[in-house]
$ cat data-v2.cif   # mmCIF, C-alpha atoms
data_upload
#
loop_
_atom_site.label_atom_id
_atom_site.label_comp_id
_atom_site.auth_asym_id
_atom_site.auth_seq_id
_atom_site.Cartn_x
_atom_site.Cartn_y
_atom_site.Cartn_z
CA MET T 1 25.36 -28.93 11.04
CA LYS T 2 22.98 -27.35 13.53
CA ARG T 3 22.60 -24.41 11.17
CA LEU T 4 21.80 -26.71 8.23
CA LEU T 5 19.16 -28.54 10.26
CA LEU T 6 17.63 -25.23 11.31
CA LEU T 7 17.53 -24.07 7.68
CA PHE T 8 15.88 -27.31 6.62
CA ARG T 9 13.32 -27.05 9.39
CA VAL T 10 12.42 -23.43 8.67
CA PHE T 11 11.89 -24.05 4.96
CA PHE T 12 10.13 -27.38 5.51
CA VAL T 13 7.58 -25.88 7.90
CA ILE T 14 6.92 -22.95 5.57
CA GLY T 15 6.61 -25.33 2.62
CA ALA T 16 4.22 -27.54 4.56
CA PHE T 17 1.84 -24.85 5.79
CA THR T 18 1.80 -22.02 3.30
CA PHE T 19 -1.03 -22.05 0.82
CA GLY T 20 -1.01 -19.60 -2.04
CA GLY T 21 2.37 -20.01 -3.73
CA GLY T 22 5.61 -18.09 -3.64
CA TYR T 23 4.49 -14.60 -2.75
CA ALA T 24 2.73 -16.00 0.31
CA MET T 25 5.78 -18.07 1.29
CA VAL T 26 8.52 -15.46 0.97
CA PRO T 27 7.09 -13.15 3.68
CA LEU T 28 7.11 -16.08 6.10
CA MET T 29 10.70 -16.85 5.15
CA ARG T 30 11.59 -13.24 5.92
CA ARG T 31 9.87 -13.37 9.27
CA GLU T 32 11.49 -16.65 10.32
CA LEU T 33 15.00 -16.07 8.95
CA VAL T 34 15.32 -12.36 9.74
CA GLU T 35 13.21 -11.74 12.81
CA ARG T 36 13.00 -15.06 14.59
CA TYR T 37 16.40 -16.65 14.01
CA SER T 38 18.53 -13.67 12.87
CA LEU T 39 20.20 -15.85 10.26
CA ILE T 40 20.30 -13.00 7.75
CA LYS T 41 19.87 -9.22 7.84
CA ASP T 42 16.63 -7.76 6.51
CA GLU T 43 18.57 -5.61 4.05
CA GLU T 44 20.28 -8.71 2.64
CA PHE T 45 17.08 -10.71 2.47
CA LEU T 46 15.32 -7.94 0.52
CA ASP T 47 18.31 -7.66 -1.84
CA ILE T 48 18.02 -11.39 -2.49
CA PHE T 49 14.25 -11.18 -3.03
CA ALA T 50 14.92 -8.49 -5.67
CA LEU T 51 17.90 -10.29 -7.25
CA VAL T 52 16.10 -13.61 -7.81
CA GLN T 53 13.49 -11.79 -9.87
CA GLY T 54 16.18 -12.07 -12.53
CA ALA T 55 15.98 -15.86 -12.46
CA PRO T 56 13.21 -18.03 -13.92
CA GLY T 57 11.35 -20.64 -11.89
CA PRO T 58 9.28 -20.73 -8.71
CA ILE T 59 9.96 -17.68 -6.50
CA ALA T 60 9.89 -19.67 -3.25
CA VAL T 61 12.45 -22.13 -4.63
CA ASN T 62 14.69 -19.32 -5.85
CA VAL T 63 14.58 -17.35 -2.60
CA SER T 64 15.27 -20.46 -0.51
CA LEU T 65 18.21 -21.42 -2.76
CA TYR T 66 19.83 -18.00 -2.56
CA THR T 67 19.24 -17.37 1.15
CA GLY T 68 20.44 -20.91 1.93
CA PHE T 69 23.58 -20.19 -0.08
CA HIS T 70 24.08 -16.85 1.62
CA ILE T 71 23.72 -18.36 5.09
CA ALA T 72 25.59 -21.63 4.68
CA GLY T 73 27.10 -21.97 1.20
CA LEU T 74 26.30 -24.71 -1.29
CA LYS T 75 25.15 -27.15 1.39
CA GLY T 76 22.87 -24.47 2.78
CA ALA T 77 21.34 -23.94 -0.66
CA MET T 78 20.69 -27.65 -1.15
CA VAL T 79 19.22 -28.18 2.31
CA SER T 80 16.97 -25.13 1.93
CA VAL T 81 15.62 -26.07 -1.48
CA LEU T 82 14.99 -29.62 -0.28
CA GLY T 83 13.08 -28.24 2.69
CA THR T 84 10.96 -26.03 0.43
CA VAL T 85 10.13 -28.72 -2.11
CA LEU T 86 9.74 -31.85 0.03
CA PRO T 87 6.44 -30.99 1.77
CA SER T 88 4.68 -30.26 -1.55
CA PHE T 89 6.07 -33.44 -3.01
CA LEU T 90 4.96 -35.61 -0.07
CA ILE T 91 1.56 -33.95 0.28
CA ILE T 92 0.72 -34.39 -3.40
CA LEU T 93 1.86 -38.02 -3.33
CA ALA T 94 -0.20 -38.68 -0.21
CA LEU T 95 -3.13 -37.06 -1.93
CA VAL T 96 -2.91 -39.24 -5.03
CA ALA T 97 -2.41 -42.32 -2.86
CA LEU T 98 -5.40 -41.55 -0.64
CA GLY T 99 -7.47 -39.98 -3.38
CA ALA T 100 -8.04 -36.29 -4.00
CA ARG T 101 -11.62 -36.76 -2.80
CA TYR T 102 -10.33 -35.89 0.68
CA LEU T 103 -10.01 -32.34 -0.58
CA GLU T 104 -13.77 -32.33 -1.11
CA LEU T 105 -14.70 -33.24 2.47
CA PRO T 106 -16.87 -30.45 3.91
CA ALA T 107 -14.50 -29.82 6.83
CA VAL T 108 -11.52 -29.55 4.47
CA VAL T 109 -13.37 -27.22 2.11
CA ALA T 110 -14.42 -25.08 5.08
CA ALA T 111 -10.87 -24.97 6.46
CA PHE T 112 -9.50 -23.85 3.09
CA ARG T 113 -12.21 -21.24 2.79
CA ALA T 114 -10.89 -19.66 6.00
CA ILE T 115 -7.18 -20.20 5.31
CA ARG T 116 -7.19 -18.28 2.03
CA PRO T 117 -8.36 -14.95 3.52
CA ALA T 118 -5.68 -15.39 6.19
CA VAL T 119 -3.13 -15.83 3.39
CA VAL T 120 -4.36 -12.54 1.89
CA ALA T 121 -3.82 -10.88 5.27
CA LEU T 122 -0.26 -12.24 5.52
CA ILE T 123 0.59 -11.15 1.99
CA VAL T 124 -0.81 -7.63 2.49
CA ALA T 125 0.87 -7.23 5.89
CA SER T 126 4.18 -8.30 4.38
CA GLY T 127 3.66 -5.99 1.40
CA ILE T 128 3.21 -3.06 3.77
CA SER T 129 6.25 -4.02 5.81
CA VAL T 130 8.47 -4.48 2.74
CA ALA T 131 7.15 -1.23 1.25
CA ARG T 132 8.14 0.65 4.42
CA ARG T 133 11.67 -0.66 4.13
CA VAL T 134 12.09 -0.27 0.39
CA ILE T 135 10.10 2.76 -0.70
CA ASN T 136 11.60 5.84 0.86
CA ASP T 137 11.10 8.58 -1.70
CA ALA T 138 8.62 9.77 -4.34
CA ARG T 139 10.58 8.00 -7.06
CA GLY T 140 10.19 4.60 -5.45
CA LEU T 141 6.51 5.20 -4.85
CA ILE T 142 5.90 6.21 -8.47
CA LEU T 143 7.85 3.18 -9.69
CA ALA T 144 5.83 0.84 -7.47
CA LEU T 145 2.50 2.34 -8.54
CA ALA T 146 3.48 2.27 -12.22
CA ALA T 147 4.53 -1.39 -11.94
CA PHE T 148 1.33 -2.27 -10.08
CA LEU T 149 -0.87 -0.71 -12.75
CA ALA T 150 1.18 -2.13 -15.62
CA VAL T 151 0.99 -5.70 -14.31
CA ALA T 152 -2.67 -5.30 -13.29
CA PHE T 153 -3.41 -4.34 -16.89
CA GLY T 154 -1.63 -7.34 -18.35
CA VAL T 155 2.05 -6.47 -18.64
CA HIS T 156 4.14 -9.55 -17.85
CA PRO T 157 5.70 -9.34 -14.35
CA ALA T 158 9.15 -10.12 -15.77
CA LEU T 159 8.83 -7.10 -18.04
CA ALA T 160 7.94 -4.90 -15.07
CA VAL T 161 11.01 -6.19 -13.22
CA ALA T 162 13.19 -5.46 -16.25
CA GLY T 163 11.63 -2.00 -16.47
CA GLY T 164 12.43 -1.35 -12.81
CA ALA T 165 16.04 -2.45 -13.34
CA LEU T 166 16.34 -0.14 -16.35
CA VAL T 167 14.90 2.83 -14.46
CA GLY T 168 17.34 2.14 -11.62
CA VAL T 169 20.33 2.14 -13.98
CA VAL T 170 19.22 5.20 -15.96
CA LEU T 171 18.70 7.24 -12.80
CA GLU T 172 22.08 6.10 -11.51
CA ARG T 173 23.80 7.22 -14.74
CA ARG T 174 22.12 10.60 -14.52
CA GLY T 175 23.62 10.90 -11.09
CA GLY T 176 20.21 11.04 -9.52
CA SER T 177 20.81 8.37 -6.91
CA ARG T 178 20.70 9.21 -3.26
CA GLY T 179 21.14 6.87 -0.35
CA THR T 180 20.39 3.18 -0.50
CA ALA T 181 17.01 1.62 -0.70
CA MET U 1 12.54 -42.75 -21.52
CA GLU U 2 9.32 -41.31 -20.24
CA LEU U 3 11.14 -40.18 -17.08
CA LEU U 4 13.77 -38.35 -19.09
CA GLU U 5 11.04 -36.73 -21.16
CA LEU U 6 9.31 -35.58 -17.95
CA THR U 7 12.52 -34.07 -16.58
CA ALA U 8 13.29 -32.37 -19.89
CA THR U 9 9.77 -31.01 -20.26
CA PHE U 10 9.60 -29.61 -16.74
CA PHE U 11 13.12 -28.27 -17.12
CA ARG U 12 11.84 -26.22 -20.07
CA ILE U 13 8.85 -25.09 -18.03
CA GLY U 14 11.11 -24.02 -15.16
CA LEU U 15 13.57 -22.35 -17.50
CA PHE U 16 11.13 -20.24 -19.47
CA SER U 17 8.82 -19.04 -16.76
CA PHE U 18 9.70 -15.79 -15.12
CA GLY U 19 7.37 -14.36 -12.51
CA GLY U 20 6.76 -17.40 -10.33
CA GLY U 21 4.45 -20.39 -10.32
CA TYR U 22 1.29 -18.70 -11.54
CA ALA U 23 3.17 -17.55 -14.65
CA MET U 24 3.99 -21.21 -15.31
CA ILE U 25 0.42 -22.43 -15.57
CA PRO U 26 -0.11 -21.59 -19.27
CA LEU U 27 3.27 -23.11 -20.11
CA ILE U 28 2.44 -26.31 -18.19
CA GLU U 29 -0.80 -26.54 -20.14
CA VAL U 30 0.91 -26.19 -23.52
CA GLU U 31 3.51 -28.83 -22.64
CA THR U 32 1.38 -31.42 -20.87
CA VAL U 33 -1.97 -31.14 -22.64
CA LEU U 34 -1.19 -29.95 -26.17
CA ARG U 35 2.32 -31.11 -26.86
CA HIS U 36 2.69 -34.40 -24.99
CA GLN U 37 -0.96 -35.22 -24.45
CA TRP U 38 -0.14 -36.62 -21.04
CA LEU U 39 -3.33 -35.12 -19.70
CA GLU U 40 -6.74 -34.16 -20.94
CA ARG U 41 -7.79 -30.55 -20.49
CA VAL U 42 -10.26 -31.43 -17.75
CA GLN U 43 -7.55 -33.27 -15.82
CA PHE U 44 -5.26 -30.29 -16.22
CA VAL U 45 -7.84 -27.94 -14.72
CA ASP U 46 -8.30 -30.36 -11.78
CA ILE U 47 -4.57 -30.57 -11.20
CA ILE U 48 -4.13 -26.81 -11.10
CA ALA U 49 -7.06 -26.52 -8.69
CA ILE U 50 -5.47 -29.12 -6.41
CA ALA U 51 -2.05 -27.47 -6.73
CA GLU U 52 -3.59 -24.20 -5.58
CA MET U 53 -5.37 -25.90 -2.68
CA THR U 54 -2.28 -27.61 -1.30
CA PRO U 55 0.60 -25.84 0.43
CA GLY U 56 3.91 -25.09 -1.25
CA PRO U 57 5.02 -23.67 -4.58
CA ILE U 58 2.34 -24.14 -7.27
CA ALA U 59 4.97 -25.22 -9.81
CA VAL U 60 6.27 -28.02 -7.59
CA ASN U 61 2.76 -29.20 -6.74
CA SER U 62 1.74 -29.43 -10.37
CA ALA U 63 5.02 -31.07 -11.43
CA THR U 64 4.62 -33.74 -8.75
CA PHE U 65 1.02 -34.36 -9.79
CA VAL U 66 1.61 -34.53 -13.54
CA GLY U 67 4.71 -36.70 -13.01
CA TYR U 68 2.65 -39.15 -10.98
CA LYS U 69 -0.10 -39.35 -13.61
CA VAL U 70 2.47 -40.14 -16.28
CA ALA U 71 4.89 -42.48 -14.50
CA GLY U 72 4.07 -42.96 -10.82
CA VAL U 73 6.31 -41.90 -7.95
CA ALA U 74 9.44 -41.98 -10.14
CA GLY U 75 7.60 -39.69 -12.54
CA SER U 76 6.87 -37.27 -9.70
CA ALA U 77 10.53 -37.16 -8.76
CA ALA U 78 11.62 -36.73 -12.39
CA ALA U 79 9.20 -33.86 -13.04
CA THR U 80 9.93 -32.09 -9.75
CA LEU U 81 13.66 -32.33 -10.32
CA GLY U 82 13.15 -30.95 -13.82
CA VAL U 83 11.15 -27.95 -12.67
CA ILE U 84 13.67 -26.89 -9.99
CA LEU U 85 16.89 -27.70 -11.89
CA PRO U 86 16.97 -24.42 -13.88
CA SER U 87 16.47 -22.52 -10.61
CA ILE U 88 19.30 -24.42 -8.95
CA ILE U 89 21.70 -23.69 -11.80
CA ILE U 90 20.73 -20.07 -12.45
CA VAL U 91 20.22 -18.94 -8.85
CA LEU U 92 23.52 -20.45 -7.72
CA LEU U 93 25.21 -18.74 -10.66
CA LEU U 94 23.55 -15.45 -9.70
CA ALA U 95 24.51 -15.99 -6.07
CA THR U 96 28.18 -16.64 -6.79
CA LEU U 97 28.29 -13.67 -9.17
CA PHE U 98 26.53 -11.19 -6.95
CA GLU U 99 27.28 -12.29 -3.42
CA LYS U 100 30.39 -10.12 -3.32
CA ARG U 101 29.09 -7.40 -5.62
CA ARG U 102 25.82 -6.43 -4.02
CA HIS U 103 27.23 -3.00 -3.23
CA HIS U 104 28.70 -2.37 -6.66
CA ALA U 105 27.17 0.85 -8.02
CA TYR U 106 25.26 -0.72 -10.92
CA VAL U 107 24.04 -3.71 -8.95
CA ALA U 108 22.83 -1.35 -6.23
CA ALA U 109 21.14 0.81 -8.89
CA VAL U 110 19.37 -2.19 -10.43
CA LEU U 111 18.23 -3.36 -6.99
CA ARG U 112 16.95 0.13 -6.16
CA GLY U 113 14.83 0.01 -9.31
CA VAL U 114 13.64 -3.57 -8.85
CA LYS U 115 12.64 -3.40 -5.18
CA PRO U 116 9.62 -1.11 -5.64
CA VAL U 117 8.48 -3.43 -8.44
CA VAL U 118 8.75 -6.37 -6.04
CA VAL U 119 6.53 -4.49 -3.60
CA SER U 120 3.90 -4.12 -6.30
CA LEU U 121 4.20 -7.83 -7.18
CA ILE U 122 3.58 -8.74 -3.54
CA PHE U 123 0.42 -6.61 -3.48
CA LEU U 124 -0.71 -8.03 -6.82
CA ALA U 125 -0.34 -11.55 -5.41
CA GLY U 126 -2.48 -10.37 -2.50
CA VAL U 127 -5.12 -8.97 -4.86
CA SER U 128 -5.16 -12.19 -6.85
CA VAL U 129 -5.73 -14.40 -3.78
CA PHE U 130 -8.18 -11.79 -2.42
CA LYS U 131 -10.39 -12.06 -5.51
CA LYS U 132 -10.54 -15.84 -5.19
CA SER U 133 -11.05 -16.00 -1.46
CA ILE U 134 -12.81 -13.02 0.08
CA THR U 135 -16.30 -13.42 -1.26
CA ASP U 136 -18.61 -12.80 1.69
CA LEU U 137 -18.78 -11.42 5.22
CA PRO U 138 -17.32 -14.44 7.08
CA THR U 139 -14.30 -14.70 4.77
CA ALA U 140 -13.76 -10.93 5.02
CA ALA U 141 -13.94 -11.20 8.81
CA VAL U 142 -11.28 -13.93 8.85
CA GLY U 143 -9.10 -11.77 6.62
CA VAL U 144 -9.40 -8.73 8.88
CA LEU U 145 -8.87 -10.82 12.01
CA ALA U 146 -5.75 -12.44 10.56
CA PHE U 147 -4.44 -9.04 9.48
CA VAL U 148 -4.89 -7.56 12.95
CA VAL U 149 -3.30 -10.57 14.64
CA THR U 150 -0.31 -10.63 12.30
CA THR U 151 0.40 -6.90 12.54
CA LYS U 152 -0.34 -6.37 16.25
CA THR U 153 1.12 -9.53 17.78
CA ARG U 154 4.21 -11.62 17.29
CA ILE U 155 2.26 -14.86 16.86
CA ASN U 156 3.90 -17.18 14.34
CA PRO U 157 2.15 -16.65 10.98
CA ILE U 158 1.97 -20.39 10.46
CA LEU U 159 -0.11 -20.64 13.64
CA ILE U 160 -2.36 -17.94 12.21
CA LEU U 161 -2.93 -20.05 9.08
CA VAL U 162 -3.55 -23.19 11.13
CA GLY U 163 -5.84 -21.22 13.44
CA ALA U 164 -7.82 -19.88 10.48
CA GLY U 165 -8.15 -23.44 9.18
CA VAL U 166 -9.49 -24.72 12.50
CA LEU U 167 -11.87 -21.77 12.72
CA GLY U 168 -13.11 -22.51 9.23
CA ALA U 169 -13.55 -26.25 9.81
CA LEU U 170 -15.55 -25.55 12.97
CA PHE U 171 -17.73 -22.62 11.96
CA PHE U 172 -17.91 -22.29 8.16
#
$ encode --input "data-v2.cif" --output "structure tokens"
Amino acid sequence: MKRLLLLFRVFFVIGAFTFGGGYAMVPLMRRELVERYSLIKDEEFLDIFALVQGAPGPIAVNVSLYTGFHIAGLKGAMVSVLGTVLPSFLIILALVALGARYLELPAVVAAFRAIRPAVVALIVASGISVARRVINDARGLILALAAFLAVAFGVHPALAVAGGALVGVVLERRGGSRGTA
Amino acid sequence: MELLELTATFFRIGLFSFGGGYAMIPLIEVETVLRHQWLERVQFVDIIAIAEMTPGPIAVNSATFVGYKVAGVAGSAAATLGVILPSIIIVLLLATLFEKRRHHAYVAAVLRGVKPVVVSLIFLAGVSVFKKSITDLPTAAVGVLAFVVTTKTRINPILILVGAGVLGALFF
């Protein structure tokens, strides 16, 4: 029960404060769940982040569902997804009730103008930290760069993920795999 | 009836969008503006702007908003449920299938190939927010400051975001 409440709280706070969508939220999930509360190992969290690329839907929702399941089974999954979704739901409803004009107040606009660059910093810092864990040979680096360029030039992200999976399998079949990423 | 239609529509949106919330935006437009004519194009653009400005997953924000426009609070609940239902079904299926097989040779091979791609997707998300947000010296300064604080200290990242917001409200 305590664990479920903790899960709910972690996801709720991240859902309530993270602007910028899934790729901004997941790094915070990693930091809270792995580093702060040791609810899951980094290795496992990164596996999950990679695995849910195979599922459609919002990344933040998918990661919270799977990590919740991993940590506390079906109940954990439900509590975590509720925590992720509820803040958005309540904030949007409050906004339509009060009027979206509050978003146009000068102080609010100014706050957002400063929050977004901070989001960039969090995303980049997390990208570096994940890269350090995940990319440990030339092959991984080439794959990451190729995917970056492909998606930057308009290839659908899902296609890049599928391409990465295929490369992984082909290299495995050729017996070229060493160690674990 | 309208509620069921909202759930079904957002279920389709959730089901057919790989690559996260931003990948959903064109699909949401086709469904809500062109197909169901729940919204006018101008309203759609406003809703996406608001969804990007508010915290949380973009897909959930826009589902809640569109649902409300169509059928009030019940509409919000119906649309939000619809957009996360495919995730719930598919991710739980994935989780039960893979939880015990993460170390199976092929699963490990797939993960080894996918992880570097995930790294590039994280950086691409960073680039995309960067382009929209870092436009002058003050915003660049906030970005650098936040980066230094998050990498050199153990301050909770949420506090960093809140701190940036306060800084912005006071000085921007």
$ axis_aligned_box --input "data-v2.cif" --around "range 23-38 of chain U" --padding-each-side "3 Å" --output "lines of an AutoDock Vina configuration file"
center_x = 1.0
center_y = -27.1
center_z = -20.8
size_x = 12.0
size_y = 25.1
size_z = 18.2
$ residues_around --input "data-v2.cif" --residues "Gly83 in chain T" --least-positions-apart "3" --cutoff "6 Å" --atoms "all atoms listed in the file" --output "PyMOL selection string"
chain T and resi 8+11-12+80+86
$ interface_residues --input "data-v2.cif" --of "chain U" --to "chain T" --cutoff "6 Å" --atoms "all atoms listed in the file" --output "number ranges by chain"
U: 14-15, 17-21, 55-58, 61, 64, 87, 109-110, 112-117, 119-120, 122-123, 126, 130, 133-134, 143, 146-147, 161, 164-165, 168-169, 172
$ atom_distance --input "data-v2.cif" --atom1 "CA of Glu5 in chain U" --atom2 "CA of Tyr68 in chain U"
13.4 Å
$ atom_distance --input "data-v2.cif" --atom1 "CA of Leu4 in chain T" --atom2 "CA of Gly76 in chain T"
6.0 Å
$ atom_distance --input "data-v2.cif" --atom1 "CA of Val83 in chain U" --atom2 "CA of Phe10 in chain U"
4.7 Å
$ resolve_selection --input "data-v2.cif" --expression "the PyMOL selection byres ((chain U and resi 26-43) around 9)" --output "MDAnalysis selection string"
chainID U and resid 9:10 13 16:17 22:25 44:48 59 62:63 66 69:70
$ residues_around --input "data-v2.cif" --residues "Arg102 in chain U" --least-positions-apart "4" --cutoff "9 Å" --atoms "only C-alpha atoms" --output "VMD selection string"
(chain T and resid 44 47) or (chain U and resid 98 106 to 108 111)
